[in-house]
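Notes follow the structure.
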Amino acid sequence: MVIVYFSGTGNSAYLAKLFARQMECECYSIEEAIDFEAVFQKQDIIAICYPIYGSCVPKIMRDFAAKHRSLLEQKKLIIFCSQMMFSGDGAKAFARLVPQSHVIYAEHFNMPNNISNFSLFPITEKERVRKKAKADAKMQRVCSNIKNGKVFLRGWSLGSQWLGYVQNKFWPDVERKQASSFCADESCTGCGLCVKKCPAQNLVLQEKRPVQLNQCMLCYRCVNLCPQKAATVMLPAKVKTQYKGVEG
């Protein structure tokens, strides 16, 4: 098998690499410049890992699924999604993108908050330690289940799908409206790190200032990487504490 992932700020990358170590399989970010068609053709099982946004799959992962749909639908799939609290049917959201696929396992992992400019959900060390420990333990159970042939589908129940619908019916509009929400304040030094690291290729550097191309997908990578804490997306509030990943 192989696991592929998208990770905005490190949570899904952590889960994917943890899974790869325990299952002794290859692990790739979908941002890597490799021939995924060739990789997938060699495997019987493909594991997918991504963060869930408003109970929706991030656009970069939706595009990846569309590009490789024909191959994904021929394979057995394992689907993991990382979420801050709950997503309802976050894992099934990917399955809907490849409707003819055969999903053999699906699970949700509660991971630390990365929305660093929203005071209602502060970035705390206590949350990071607690959720990392729970994720580690859950992944160990998941890998044991998969090795033993157990099938489990988190998010497939009617209740889960209803909870997902309550959130995902609004997200496409939010995603569309916030595609141009990136902002860098006066403390920006024009270092270009946000331009280099943006997975959506939403930013270009002009006269030492990042200029957006109106295709932000709200992954919060730039917000949490900016050395000056100058970047914001979606919410204009100044960042006080950045999220540096589940491993700190």
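Ordering of the structure tokens sets the chain letters (A, B, ...), residue numbers begin anew at 1 in every chain, and ligands are numbered from 1 in the order given.
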
Inset, instruction - May I have the residues within 7 Å of His102 (chain A) as a list in words, using only C-alpha atoms and disregarding those fewer than 5 positions away in the same chain? - result: Lys75, Lys76 and Leu77 of chain A

Expected file contents, prior selection, N, CA, C and O atoms, as a JSON list (two decimals), in the first residue's frame:
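What follows is the written file part-v8.json:
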```json
[["chain", "number", "residue", "atom", "x", "y", "z"],
["A", 75, "LYS", "N", -8.94, 0.87, -6.85],
["A", 75, "LYS", "CA", -8.19, 0.41, -5.69],
["A", 75, "LYS", "C", -9.05, 0.34, -4.43],
["A", 75, "LYS", "O", -10.13, 0.92, -4.36],
["A", 76, "LYS", "N", -8.54, -0.37, -3.44],
["A", 76, "LYS", "CA", -9.11, -0.30, -2.11],
["A", 76, "LYS", "C", -8.58, 0.97, -1.45],
["A", 76, "LYS", "O", -7.38, 1.27, -1.56],
["A", 77, "LEU", "N", -9.46, 1.71, -0.77],
["A", 77, "LEU", "CA", -9.06, 2.98, -0.17],
["A", 77, "LEU", "C", -9.15, 2.93, 1.35],
["A", 77, "LEU", "O", -10.08, 2.35, 1.92]]
```

Legend entry - Exercise: Met61 (chain A) partners within 10 Å, only C-alpha atoms, chain neighbours under 6 positions left out, as a ChimeraX atom specification: /A:5-7,30-31,48-51,67,94,97

Legend entry - Selection: 9 Å around Asn224 (chain A), only C-alpha atoms, excl. self and same-chain fewer than 2 positions, as a ChimeraX atom specification: /A:9,114-116,220-222,226-227,229,231-232,239,241-244

Contacts of Phe19 (chain A) at 9 Å or less, counting only C-alpha atoms, minus same-chain residues fewer than 6 places along, as a short mmCIF file (atom, residue, chain, number, x, y, z; two decimals) with N, CA and C atoms, in the first residue's frame?
```cif
data_model
loop_
_atom_site.label_atom_id
_atom_site.label_comp_id
_atom_site.auth_asym_id
_atom_site.auth_seq_id
_atom_site.Cartn_x
_atom_site.Cartn_y
_atom_site.Cartn_z
N ILE A 3 0.48 5.69 1.18
CA ILE A 3 -0.37 6.75 1.70
C ILE A 3 0.06 8.07 1.10
N CYS A 25 4.98 1.42 4.85
CA CYS A 25 4.64 1.70 3.46
C CYS A 25 5.19 3.06 3.05
N CYS A 27 5.13 6.94 1.68
CA CYS A 27 4.32 8.10 2.06
C CYS A 27 4.74 9.30 1.23
N MET A 139 -4.12 5.90 16.18
CA MET A 139 -3.47 5.38 15.00
C MET A 139 -2.93 3.97 15.24
N GLN A 140 -2.45 3.71 16.44
CA GLN A 140 -1.98 2.36 16.76
C GLN A 140 -3.13 1.36 16.67
N VAL A 142 -5.92 1.77 14.91
CA VAL A 142 -6.34 1.72 13.50
C VAL A 142 -5.44 0.77 12.71
N CYS A 143 -4.14 0.91 12.88
CA CYS A 143 -3.21 0.05 12.13
C CYS A 143 -3.37 -1.42 12.52
#
```

Exercise: region 183-199 of chain A partners within 9 Å, only C-alpha atoms, chain neighbours under 3 positions left out, as a compact mmCIF listing (two decimals) with all heavy atoms, in the first residue's frame:
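Result file follows (selection-v8.txt):
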```txt
# COMPACT_ATOMS: atom_id res chain seq x y z
N GLY A 8 -1.87 21.33 5.43
CA GLY A 8 -1.63 22.77 5.42
C GLY A 8 -0.59 23.18 6.43
O GLY A 8 0.35 23.91 6.12
N GLU A 31 1.86 17.41 -2.93
CA GLU A 31 2.58 18.56 -3.48
C GLU A 31 3.90 18.16 -4.12
O GLU A 31 4.54 18.97 -4.79
CB GLU A 31 2.83 19.60 -2.39
CG GLU A 31 1.56 20.23 -1.82
CD GLU A 31 1.85 21.22 -0.72
OE1 GLU A 31 2.46 22.27 -1.01
OE2 GLU A 31 1.50 20.94 0.44
N ILE A 60 -7.32 21.58 -3.08
CA ILE A 60 -6.14 20.94 -3.66
C ILE A 60 -6.29 19.42 -3.69
O ILE A 60 -5.87 18.75 -4.63
CB ILE A 60 -4.86 21.36 -2.88
CG1 ILE A 60 -3.61 20.89 -3.63
CG2 ILE A 60 -4.87 20.85 -1.46
CD1 ILE A 60 -2.31 21.44 -3.03
N SER A 180 -10.00 35.56 -1.71
CA SER A 180 -9.19 36.78 -1.81
C SER A 180 -8.94 37.41 -0.44
O SER A 180 -8.73 38.61 -0.34
CB SER A 180 -9.89 37.80 -2.72
OG SER A 180 -11.19 38.10 -2.23
N ASN A 202 -1.14 30.95 -4.60
CA ASN A 202 -1.99 32.13 -4.55
C ASN A 202 -1.22 33.43 -4.49
O ASN A 202 -1.80 34.50 -4.67
CB ASN A 202 -2.91 32.03 -3.32
CG ASN A 202 -3.84 33.22 -3.17
OD1 ASN A 202 -4.48 33.63 -4.13
ND2 ASN A 202 -3.90 33.79 -1.98
N LEU A 203 0.09 33.36 -4.24
CA LEU A 203 0.85 34.58 -3.96
C LEU A 203 2.03 34.75 -4.91
O LEU A 203 2.70 33.79 -5.29
CB LEU A 203 1.37 34.55 -2.51
CG LEU A 203 0.31 34.36 -1.42
CD1 LEU A 203 0.96 34.12 -0.08
CD2 LEU A 203 -0.62 35.57 -1.37
N VAL A 204 2.27 36.00 -5.27
CA VAL A 204 3.47 36.38 -6.01
C VAL A 204 4.08 37.59 -5.32
O VAL A 204 3.38 38.36 -4.65
CB VAL A 204 3.16 36.72 -7.48
CG1 VAL A 204 2.68 35.49 -8.23
CG2 VAL A 204 2.13 37.85 -7.58
N LEU A 205 5.39 37.75 -5.48
CA LEU A 205 6.07 38.87 -4.83
C LEU A 205 6.26 40.00 -5.83
O LEU A 205 6.85 39.82 -6.89
CB LEU A 205 7.43 38.40 -4.30
CG LEU A 205 8.05 39.20 -3.15
CD1 LEU A 205 7.15 39.17 -1.92
CD2 LEU A 205 9.42 38.65 -2.80
N GLN A 206 5.69 41.14 -5.51
CA GLN A 206 5.82 42.32 -6.36
C GLN A 206 6.28 43.50 -5.51
O GLN A 206 5.63 43.86 -4.53
CB GLN A 206 4.47 42.66 -7.01
CG GLN A 206 3.99 41.60 -7.99
CD GLN A 206 2.69 42.00 -8.66
OE1 GLN A 206 2.15 43.08 -8.44
NE2 GLN A 206 2.15 41.11 -9.49
N GLU A 207 7.44 44.06 -5.90
CA GLU A 207 8.01 45.18 -5.15
C GLU A 207 8.11 44.86 -3.66
O GLU A 207 7.76 45.66 -2.79
CB GLU A 207 7.19 46.46 -5.38
CG GLU A 207 7.18 46.91 -6.84
CD GLU A 207 6.36 48.15 -7.06
OE1 GLU A 207 5.71 48.62 -6.10
OE2 GLU A 207 6.39 48.68 -8.19
N LYS A 208 8.59 43.63 -3.39
CA LYS A 208 8.82 43.14 -2.03
C LYS A 208 7.56 43.07 -1.19
O LYS A 208 7.60 43.18 0.04
CB LYS A 208 9.89 44.00 -1.32
CG LYS A 208 11.26 43.92 -1.97
CD LYS A 208 12.30 44.67 -1.16
CE LYS A 208 13.69 44.52 -1.79
NZ LYS A 208 14.74 45.23 -1.02
N ARG A 209 6.43 42.87 -1.86
CA ARG A 209 5.17 42.67 -1.15
C ARG A 209 4.45 41.47 -1.76
O ARG A 209 4.38 41.33 -2.99
CB ARG A 209 4.26 43.90 -1.28
CG ARG A 209 4.78 45.15 -0.58
CD ARG A 209 4.65 45.05 0.92
NE ARG A 209 3.26 44.91 1.34
CZ ARG A 209 2.89 44.82 2.62
NH1 ARG A 209 3.80 44.84 3.59
NH2 ARG A 209 1.61 44.69 2.94
N PRO A 210 3.88 40.59 -0.93
CA PRO A 210 3.10 39.47 -1.47
C PRO A 210 1.77 39.96 -2.01
O PRO A 210 1.04 40.69 -1.34
CB PRO A 210 2.92 38.55 -0.25
CG PRO A 210 3.02 39.45 0.93
CD PRO A 210 3.98 40.54 0.54
N VAL A 211 1.48 39.59 -3.24
CA VAL A 211 0.22 39.98 -3.89
C VAL A 211 -0.55 38.70 -4.19
O VAL A 211 -0.01 37.74 -4.73
CB VAL A 211 0.49 40.76 -5.20
CG1 VAL A 211 -0.82 41.07 -5.91
CG2 VAL A 211 1.27 42.03 -4.89
N GLN A 212 -1.83 38.68 -3.84
CA GLN A 212 -2.64 37.47 -4.00
C GLN A 212 -3.27 37.38 -5.38
O GLN A 212 -3.50 38.39 -6.05
CB GLN A 212 -3.72 37.42 -2.93
CG GLN A 212 -4.74 38.53 -3.00
CD GLN A 212 -5.76 38.39 -1.89
OE1 GLN A 212 -6.12 37.29 -1.49
NE2 GLN A 212 -6.24 39.50 -1.38
N CYS A 216 -6.88 31.63 -2.65
CA CYS A 216 -6.57 31.11 -1.32
C CYS A 216 -7.56 30.00 -0.97
O CYS A 216 -8.75 30.10 -1.24
CB CYS A 216 -6.66 32.23 -0.28
SG CYS A 216 -6.43 31.68 1.42
N MET A 217 -7.07 28.92 -0.36
CA MET A 217 -7.96 27.83 0.06
C MET A 217 -8.02 27.71 1.58
O MET A 217 -8.50 26.71 2.11
CB MET A 217 -7.54 26.51 -0.57
CG MET A 217 -6.16 26.04 -0.20
SD MET A 217 -5.83 24.45 -0.98
CE MET A 217 -4.21 24.12 -0.27
N CYS A 219 -5.78 27.30 4.06
CA CYS A 219 -5.05 26.24 4.75
C CYS A 219 -4.29 26.76 5.97
O CYS A 219 -3.83 25.97 6.79
CB CYS A 219 -4.08 25.54 3.80
SG CYS A 219 -2.61 26.49 3.37
N ARG A 221 -1.33 27.97 6.17
CA ARG A 221 0.11 27.75 6.18
C ARG A 221 0.87 29.07 6.27
O ARG A 221 1.79 29.21 7.08
CB ARG A 221 0.54 26.96 4.94
CG ARG A 221 2.02 26.58 4.97
CD ARG A 221 2.43 25.83 3.70
NE ARG A 221 1.80 24.52 3.63
CZ ARG A 221 1.93 23.70 2.60
NH1 ARG A 221 2.66 24.07 1.54
NH2 ARG A 221 1.35 22.51 2.59
N CYS A 222 0.50 30.02 5.45
CA CYS A 222 1.21 31.30 5.45
C CYS A 222 1.07 32.02 6.78
O CYS A 222 2.02 32.62 7.29
CB CYS A 222 0.71 32.19 4.32
SG CYS A 222 -1.04 32.63 4.41
N VAL A 223 -0.12 31.95 7.37
CA VAL A 223 -0.39 32.63 8.64
C VAL A 223 0.53 32.09 9.73
O VAL A 223 1.06 32.86 10.55
CB VAL A 223 -1.86 32.45 9.04
CG1 VAL A 223 -2.15 33.15 10.38
CG2 VAL A 223 -2.79 32.99 7.96
N LEU A 225 3.42 30.40 9.27
CA LEU A 225 4.84 30.39 8.93
C LEU A 225 5.48 31.78 8.94
O LEU A 225 6.69 31.89 9.12
CB LEU A 225 5.05 29.78 7.53
CG LEU A 225 4.98 28.27 7.39
CD1 LEU A 225 5.21 27.89 5.94
CD2 LEU A 225 5.99 27.57 8.28
N CYS A 226 4.69 32.82 8.74
CA CYS A 226 5.25 34.17 8.58
C CYS A 226 6.15 34.57 9.75
O CYS A 226 5.70 34.61 10.90
CB CYS A 226 4.11 35.18 8.45
SG CYS A 226 4.70 36.90 8.28
N PRO A 227 7.42 34.87 9.50
CA PRO A 227 8.34 35.23 10.58
C PRO A 227 7.92 36.48 11.35
O PRO A 227 8.26 36.64 12.52
CB PRO A 227 9.67 35.47 9.84
CG PRO A 227 9.54 34.73 8.56
CD PRO A 227 8.10 34.82 8.19
N GLN A 228 7.18 37.36 10.70
CA GLN A 228 6.74 38.61 11.33
C GLN A 228 5.31 38.56 11.86
O GLN A 228 4.80 39.55 12.36
CB GLN A 228 6.88 39.76 10.33
CG GLN A 228 8.26 39.93 9.74
CD GLN A 228 9.30 40.20 10.79
OE1 GLN A 228 9.08 40.96 11.73
NE2 GLN A 228 10.47 39.58 10.65
N LYS A 229 4.65 37.41 11.68
CA LYS A 229 3.23 37.29 12.04
C LYS A 229 2.40 38.36 11.32
O LYS A 229 1.44 38.92 11.86
CB LYS A 229 3.01 37.39 13.55
CG LYS A 229 3.74 36.29 14.33
CD LYS A 229 3.50 36.43 15.82
CE LYS A 229 4.26 35.35 16.60
NZ LYS A 229 4.09 35.51 18.05
N ALA A 230 2.80 38.64 10.09
CA ALA A 230 2.14 39.70 9.33
C ALA A 230 0.97 39.20 8.50
O ALA A 230 0.10 39.99 8.11
CB ALA A 230 3.17 40.36 8.40
N ALA A 231 0.93 37.90 8.22
CA ALA A 231 -0.07 37.35 7.30
C ALA A 231 -1.35 36.94 8.02
O ALA A 231 -1.31 36.44 9.15
CB ALA A 231 0.50 36.14 6.57
N THR A 232 -2.47 37.17 7.36
CA THR A 232 -3.75 36.67 7.85
C THR A 232 -4.57 36.19 6.65
O THR A 232 -4.37 36.65 5.52
CB THR A 232 -4.57 37.74 8.59
OG1 THR A 232 -4.87 38.82 7.71
CG2 THR A 232 -3.82 38.27 9.80
N VAL A 233 -5.49 35.27 6.92
CA VAL A 233 -6.49 34.87 5.93
C VAL A 233 -7.82 34.75 6.65
O VAL A 233 -7.87 34.55 7.85
CB VAL A 233 -6.16 33.53 5.25
CG1 VAL A 233 -4.84 33.60 4.50
CG2 VAL A 233 -6.13 32.38 6.24
N MET A 234 -8.88 34.92 5.92
CA MET A 234 -10.26 34.79 6.40
C MET A 234 -10.60 35.83 7.46
O MET A 234 -11.54 36.61 7.29
CB MET A 234 -10.56 33.38 6.91
CG MET A 234 -12.05 33.14 7.16
SD MET A 234 -12.56 31.39 7.13
CE MET A 234 -11.61 30.75 8.50
N PRO A 236 -9.25 39.10 9.81
CA PRO A 236 -8.20 40.11 9.76
C PRO A 236 -7.43 40.30 11.06
O PRO A 236 -6.51 41.09 11.13
CB PRO A 236 -8.98 41.38 9.41
CG PRO A 236 -10.34 41.17 10.00
CD PRO A 236 -10.61 39.69 9.84
N LYS A 238 -4.85 40.24 14.06
CA LYS A 238 -3.41 40.03 14.15
C LYS A 238 -3.10 38.74 14.90
O LYS A 238 -3.69 38.45 15.93
CB LYS A 238 -2.76 41.21 14.89
CG LYS A 238 -1.25 41.11 15.07
CD LYS A 238 -0.50 41.35 13.78
CE LYS A 238 1.01 41.41 14.01
NZ LYS A 238 1.76 41.63 12.76
```

Legend entry - Residues within 12 Å of Glu175 (chain A), only C-alpha atoms, excluding chain neighbours under 5 positions, as a count of residues only: 20

Inset, instruction - Just the residues within 12 Å of Val4 (chain A), please, counting only C-alpha atoms, with nothing from its chain fewer than 5 positions along; format it as a PyMOL selection string. - result: chain A and resi 12-17+19-20+25-32+34+36+39-40+45-50+61+64-65+72+77-81

For those residues, write C-alpha atoms to a file as a PDB file, in the first residue's frame.
```pdb
ATOM      1  CA  SER A  12      -2.278  15.530   8.370  1.00  0.00           C
ATOM      2  CA  ALA A  13       1.405  15.119   7.498  1.00  0.00           C
ATOM      3  CA  TYR A  14       2.028  13.859  11.023  1.00  0.00           C
ATOM      4  CA  LEU A  15      -0.803  11.315  10.759  1.00  0.00           C
ATOM      5  CA  ALA A  16       0.279  10.115   7.322  1.00  0.00           C
ATOM      6  CA  LYS A  17       3.895   9.612   8.354  1.00  0.00           C
ATOM      7  CA  PHE A  19       0.661   5.504   9.532  1.00  0.00           C
ATOM      8  CA  ALA A  20       3.484   4.887   7.058  1.00  0.00           C
ATOM      9  CA  CYS A  25       4.641   1.700   3.457  1.00  0.00           C
ATOM     10  CA  GLU A  26       5.605   4.616   1.236  1.00  0.00           C
ATOM     11  CA  CYS A  27       4.321   8.096   2.064  1.00  0.00           C
ATOM     12  CA  TYR A  28       4.054  11.101  -0.262  1.00  0.00           C
ATOM     13  CA  SER A  29       2.690  14.621  -0.089  1.00  0.00           C
ATOM     14  CA  ILE A  30       0.476  15.399  -3.085  1.00  0.00           C
ATOM     15  CA  GLU A  31       2.576  18.563  -3.476  1.00  0.00           C
ATOM     16  CA  GLU A  32       5.579  16.462  -4.487  1.00  0.00           C
ATOM     17  CA  ILE A  34       6.260  12.713  -8.733  1.00  0.00           C
ATOM     18  CA  PHE A  36       1.393   9.465  -8.890  1.00  0.00           C
ATOM     19  CA  VAL A  39       2.894   4.999  -7.873  1.00  0.00           C
ATOM     20  CA  PHE A  40      -0.797   4.052  -7.721  1.00  0.00           C
ATOM     21  CA  ILE A  45      -4.420  -0.213  -1.360  1.00  0.00           C
ATOM     22  CA  ILE A  46      -4.179   3.581  -1.353  1.00  0.00           C
ATOM     23  CA  ALA A  47      -4.515   5.533   1.884  1.00  0.00           C
ATOM     24  CA  ILE A  48      -5.543   9.186   1.707  1.00  0.00           C
ATOM     25  CA  CYS A  49      -5.056  11.745   4.482  1.00  0.00           C
ATOM     26  CA  TYR A  50      -6.169  15.382   4.535  1.00  0.00           C
ATOM     27  CA  MET A  61      -7.203  17.432  -2.625  1.00  0.00           C
ATOM     28  CA  PHE A  64      -5.997  15.621  -6.966  1.00  0.00           C
ATOM     29  CA  ALA A  65      -8.924  13.204  -6.670  1.00  0.00           C
ATOM     30  CA  LEU A  72      -8.436   5.527  -7.347  1.00  0.00           C
ATOM     31  CA  LEU A  77      -9.060   2.977  -0.169  1.00  0.00           C
ATOM     32  CA  ILE A  78      -8.239   3.925   3.401  1.00  0.00           C
ATOM     33  CA  ILE A  79      -9.346   7.468   4.262  1.00  0.00           C
ATOM     34  CA  PHE A  80      -8.171   9.586   7.192  1.00  0.00           C
ATOM     35  CA  CYS A  81      -9.179  13.162   7.878  1.00  0.00           C
TER      36      CYS A  81
END
```

Legend entry - Residue nearest Asn113 (chain A) among A:Trp162, A:Ala137, A:Arg96, A:Phe86 (counting only C-alpha atoms): A:Phe86

Kindly provide the residues of region 48-109 of chain A that approach region 148-154 of chain A to within 10 Å, each paired with its closest atom pair and their distance in Å to one decimal, based on only C-alpha atoms, listed by chain and increasing number, as JSON lines.
```
{"residue": "A:Ile78", "atom": "CA", "partner": "A:Leu153", "partner_atom": "CA", "distance": 9.3}
{"residue": "A:Ile79", "atom": "CA", "partner": "A:Leu153", "partner_atom": "CA", "distance": 8.8}
{"residue": "A:Phe80", "atom": "CA", "partner": "A:Arg154", "partner_atom": "CA", "distance": 9.3}
{"residue": "A:Gly88", "atom": "CA", "partner": "A:Arg154", "partner_atom": "CA", "distance": 8.7}
{"residue": "A:Asp89", "atom": "CA", "partner": "A:Arg154", "partner_atom": "CA", "distance": 7.2}
{"residue": "A:Gly90", "atom": "CA", "partner": "A:Arg154", "partner_atom": "CA", "distance": 8.5}
{"residue": "A:Ala91", "atom": "CA", "partner": "A:Arg154", "partner_atom": "CA", "distance": 6.9}
{"residue": "A:Lys92", "atom": "CA", "partner": "A:Arg154", "partner_atom": "CA", "distance": 7.8}
{"residue": "A:Val103", "atom": "CA", "partner": "A:Leu153", "partner_atom": "CA", "distance": 7.8}
{"residue": "A:Ile104", "atom": "CA", "partner": "A:Val151", "partner_atom": "CA", "distance": 5.4}
{"residue": "A:Tyr105", "atom": "CA", "partner": "A:Phe152", "partner_atom": "CA", "distance": 4.9}
{"residue": "A:Ala106", "atom": "CA", "partner": "A:Leu153", "partner_atom": "CA", "distance": 4.6}
{"residue": "A:Glu107", "atom": "CA", "partner": "A:Arg154", "partner_atom": "CA", "distance": 5.1}
{"residue": "A:His108", "atom": "CA", "partner": "A:Arg154", "partner_atom": "CA", "distance": 6.8}
```

Would you put the residues from that selection into a file with N, CA and C atoms, as a PDB file, in the first residue's frame?
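File written: selection.pdb
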```pdb
ATOM      1  N   ILE A  78      -8.199   3.598   1.983  1.00  0.00           N
ATOM      2  CA  ILE A  78      -8.239   3.925   3.401  1.00  0.00           C
ATOM      3  C   ILE A  78      -8.265   5.441   3.464  1.00  0.00           C
ATOM      4  N   ILE A  79      -9.197   6.011   4.221  1.00  0.00           N
ATOM      5  CA  ILE A  79      -9.346   7.468   4.262  1.00  0.00           C
ATOM      6  C   ILE A  79      -9.230   7.975   5.693  1.00  0.00           C
ATOM      7  N   PHE A  80      -8.313   8.916   5.903  1.00  0.00           N
ATOM      8  CA  PHE A  80      -8.171   9.586   7.192  1.00  0.00           C
ATOM      9  C   PHE A  80      -8.389  11.076   6.997  1.00  0.00           C
ATOM     10  N   GLY A  88     -18.549  15.364  11.172  1.00  0.00           N
ATOM     11  CA  GLY A  88     -19.676  14.572  10.715  1.00  0.00           C
ATOM     12  C   GLY A  88     -19.241  13.457   9.793  1.00  0.00           C
ATOM     13  N   ASP A  89     -19.161  13.762   8.505  1.00  0.00           N
ATOM     14  CA  ASP A  89     -18.779  12.747   7.509  1.00  0.00           C
ATOM     15  C   ASP A  89     -17.533  13.173   6.742  1.00  0.00           C
ATOM     16  N   GLY A  90     -16.540  13.670   7.472  1.00  0.00           N
ATOM     17  CA  GLY A  90     -15.327  14.178   6.830  1.00  0.00           C
ATOM     18  C   GLY A  90     -14.609  13.175   5.950  1.00  0.00           C
ATOM     19  N   ALA A  91     -14.585  11.898   6.351  1.00  0.00           N
ATOM     20  CA  ALA A  91     -13.925  10.877   5.534  1.00  0.00           C
ATOM     21  C   ALA A  91     -14.782  10.491   4.331  1.00  0.00           C
ATOM     22  N   LYS A  92     -16.079  10.415   4.523  1.00  0.00           N
ATOM     23  CA  LYS A  92     -16.972  10.070   3.413  1.00  0.00           C
ATOM     24  C   LYS A  92     -16.966  11.165   2.347  1.00  0.00           C
ATOM     25  N   VAL A 103     -13.966   1.553  -0.243  1.00  0.00           N
ATOM     26  CA  VAL A 103     -13.325   2.027   0.983  1.00  0.00           C
ATOM     27  C   VAL A 103     -13.350   0.908   2.018  1.00  0.00           C
ATOM     28  N   ILE A 104     -12.176   0.564   2.525  1.00  0.00           N
ATOM     29  CA  ILE A 104     -12.094  -0.528   3.498  1.00  0.00           C
ATOM     30  C   ILE A 104     -11.891  -0.021   4.927  1.00  0.00           C
ATOM     31  N   TYR A 105     -11.507   1.244   5.069  1.00  0.00           N
ATOM     32  CA  TYR A 105     -11.352   1.815   6.416  1.00  0.00           C
ATOM     33  C   TYR A 105     -11.414   3.328   6.307  1.00  0.00           C
ATOM     34  N   ALA A 106     -12.066   3.943   7.276  1.00  0.00           N
ATOM     35  CA  ALA A 106     -12.155   5.408   7.314  1.00  0.00           C
ATOM     36  C   ALA A 106     -12.190   5.854   8.765  1.00  0.00           C
ATOM     37  N   GLU A 107     -11.411   6.878   9.077  1.00  0.00           N
ATOM     38  CA  GLU A 107     -11.353   7.353  10.458  1.00  0.00           C
ATOM     39  C   GLU A 107     -11.081   8.852  10.512  1.00  0.00           C
ATOM     40  N   HIS A 108     -11.576   9.471  11.572  1.00  0.00           N
ATOM     41  CA  HIS A 108     -11.348  10.889  11.845  1.00  0.00           C
ATOM     42  C   HIS A 108     -10.395  11.019  13.030  1.00  0.00           C
TER      43      HIS A 108
END
```

Legend entry - Nearest to Asn11 (chain A), chosen from A:Asp173, A:Phe118, A:Arg62, A:Asp136, with only C-alpha atoms counted in the distances: A:Asp136

Inset, instruction - Just list the residues in region 23-236 of chain A DSSP gives strand (DSSP E or B) on the backbone, as a ChimeraX atom specification. - result: /A:26-29,45-51,53,56,76-83,102-110,152-153,183-184,203-206,209-212,231-232

Legend entry - Those of region 79-147 of chain A in DSSP helix (DSSP H, G or I), formatted as a ChimeraX atom specification: /A:90-95,125-147

With N, CA and C atoms retained, write the just-selected residues as a compact mmCIF listing (two decimals), in the first residue's frame.
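Listing of selection09.txt after writing:
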```txt
# COMPACT_ATOMS: atom_id res chain seq x y z
N GLY A 90 -16.54 13.67 7.47
CA GLY A 90 -15.33 14.18 6.83
C GLY A 90 -14.61 13.18 5.95
N ALA A 91 -14.59 11.90 6.35
CA ALA A 91 -13.92 10.88 5.53
C ALA A 91 -14.78 10.49 4.33
N LYS A 92 -16.08 10.41 4.52
CA LYS A 92 -16.97 10.07 3.41
C LYS A 92 -16.97 11.16 2.35
N ALA A 93 -16.61 12.40 2.76
CA ALA A 93 -16.56 13.50 1.79
C ALA A 93 -15.59 13.18 0.66
N PHE A 94 -14.49 12.51 0.98
CA PHE A 94 -13.56 12.13 -0.09
C PHE A 94 -14.13 10.99 -0.91
N ALA A 95 -14.78 10.04 -0.25
CA ALA A 95 -15.36 8.90 -0.97
C ALA A 95 -16.37 9.36 -2.01
N GLU A 125 -0.42 24.85 24.32
CA GLU A 125 0.45 23.69 24.45
C GLU A 125 -0.31 22.50 25.03
N LYS A 126 -1.23 22.78 25.94
CA LYS A 126 -2.01 21.71 26.55
C LYS A 126 -2.80 20.94 25.50
N GLU A 127 -3.43 21.67 24.57
CA GLU A 127 -4.19 21.00 23.52
C GLU A 127 -3.27 20.19 22.62
N ARG A 128 -2.13 20.76 22.28
CA ARG A 128 -1.19 20.07 21.39
C ARG A 128 -0.76 18.73 22.00
N VAL A 129 -0.39 18.73 23.26
CA VAL A 129 0.09 17.51 23.92
C VAL A 129 -1.04 16.49 24.05
N ARG A 130 -2.21 16.96 24.47
CA ARG A 130 -3.34 16.05 24.70
C ARG A 130 -3.81 15.39 23.40
N LYS A 131 -3.99 16.19 22.35
CA LYS A 131 -4.49 15.63 21.10
C LYS A 131 -3.45 14.77 20.39
N LYS A 132 -2.18 15.11 20.53
CA LYS A 132 -1.13 14.27 19.94
C LYS A 132 -1.15 12.89 20.57
N ALA A 133 -1.25 12.83 21.89
CA ALA A 133 -1.26 11.55 22.59
C ALA A 133 -2.46 10.70 22.16
N LYS A 134 -3.62 11.34 22.03
CA LYS A 134 -4.82 10.61 21.62
C LYS A 134 -4.71 10.14 20.17
N ALA A 135 -4.13 10.98 19.32
CA ALA A 135 -3.95 10.59 17.91
C ALA A 135 -2.97 9.43 17.79
N ASP A 136 -1.91 9.45 18.56
CA ASP A 136 -0.94 8.36 18.54
C ASP A 136 -1.60 7.04 18.92
N ALA A 137 -2.39 7.09 20.00
CA ALA A 137 -3.05 5.87 20.47
C ALA A 137 -4.09 5.38 19.46
N LYS A 138 -4.85 6.31 18.88
CA LYS A 138 -5.85 5.91 17.90
C LYS A 138 -5.21 5.31 16.66
N MET A 139 -4.12 5.90 16.18
CA MET A 139 -3.47 5.38 15.00
C MET A 139 -2.93 3.97 15.24
N GLN A 140 -2.45 3.71 16.44
CA GLN A 140 -1.98 2.36 16.76
C GLN A 140 -3.13 1.36 16.67
N ARG A 141 -4.30 1.75 17.18
CA ARG A 141 -5.47 0.88 17.10
C ARG A 141 -5.92 0.69 15.65
N VAL A 142 -5.92 1.77 14.91
CA VAL A 142 -6.34 1.72 13.50
C VAL A 142 -5.44 0.77 12.71
N CYS A 143 -4.14 0.91 12.88
CA CYS A 143 -3.21 0.05 12.13
C CYS A 143 -3.37 -1.42 12.52
N SER A 144 -3.61 -1.65 13.80
CA SER A 144 -3.86 -3.03 14.25
C SER A 144 -5.13 -3.58 13.59
N ASN A 145 -6.17 -2.76 13.54
CA ASN A 145 -7.43 -3.19 12.91
C ASN A 145 -7.22 -3.52 11.43
N ILE A 146 -6.50 -2.65 10.74
CA ILE A 146 -6.28 -2.85 9.30
C ILE A 146 -5.47 -4.12 9.06
N LYS A 147 -4.45 -4.33 9.86
CA LYS A 147 -3.64 -5.55 9.71
C LYS A 147 -4.46 -6.81 9.95
```

Legend entry - Distance of CA of Phe109 (chain A) from CA of Gly245 (chain A), expressed in Å to one decimal place: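 Distance reported for this atom pair: 14.6 Å.
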
Inset, instruction - Have a look at CA of Phe121 (chain A) and CA of Ala179 (chain A) and let me know their distance in Å, one decimal. - result: 21.9 Å
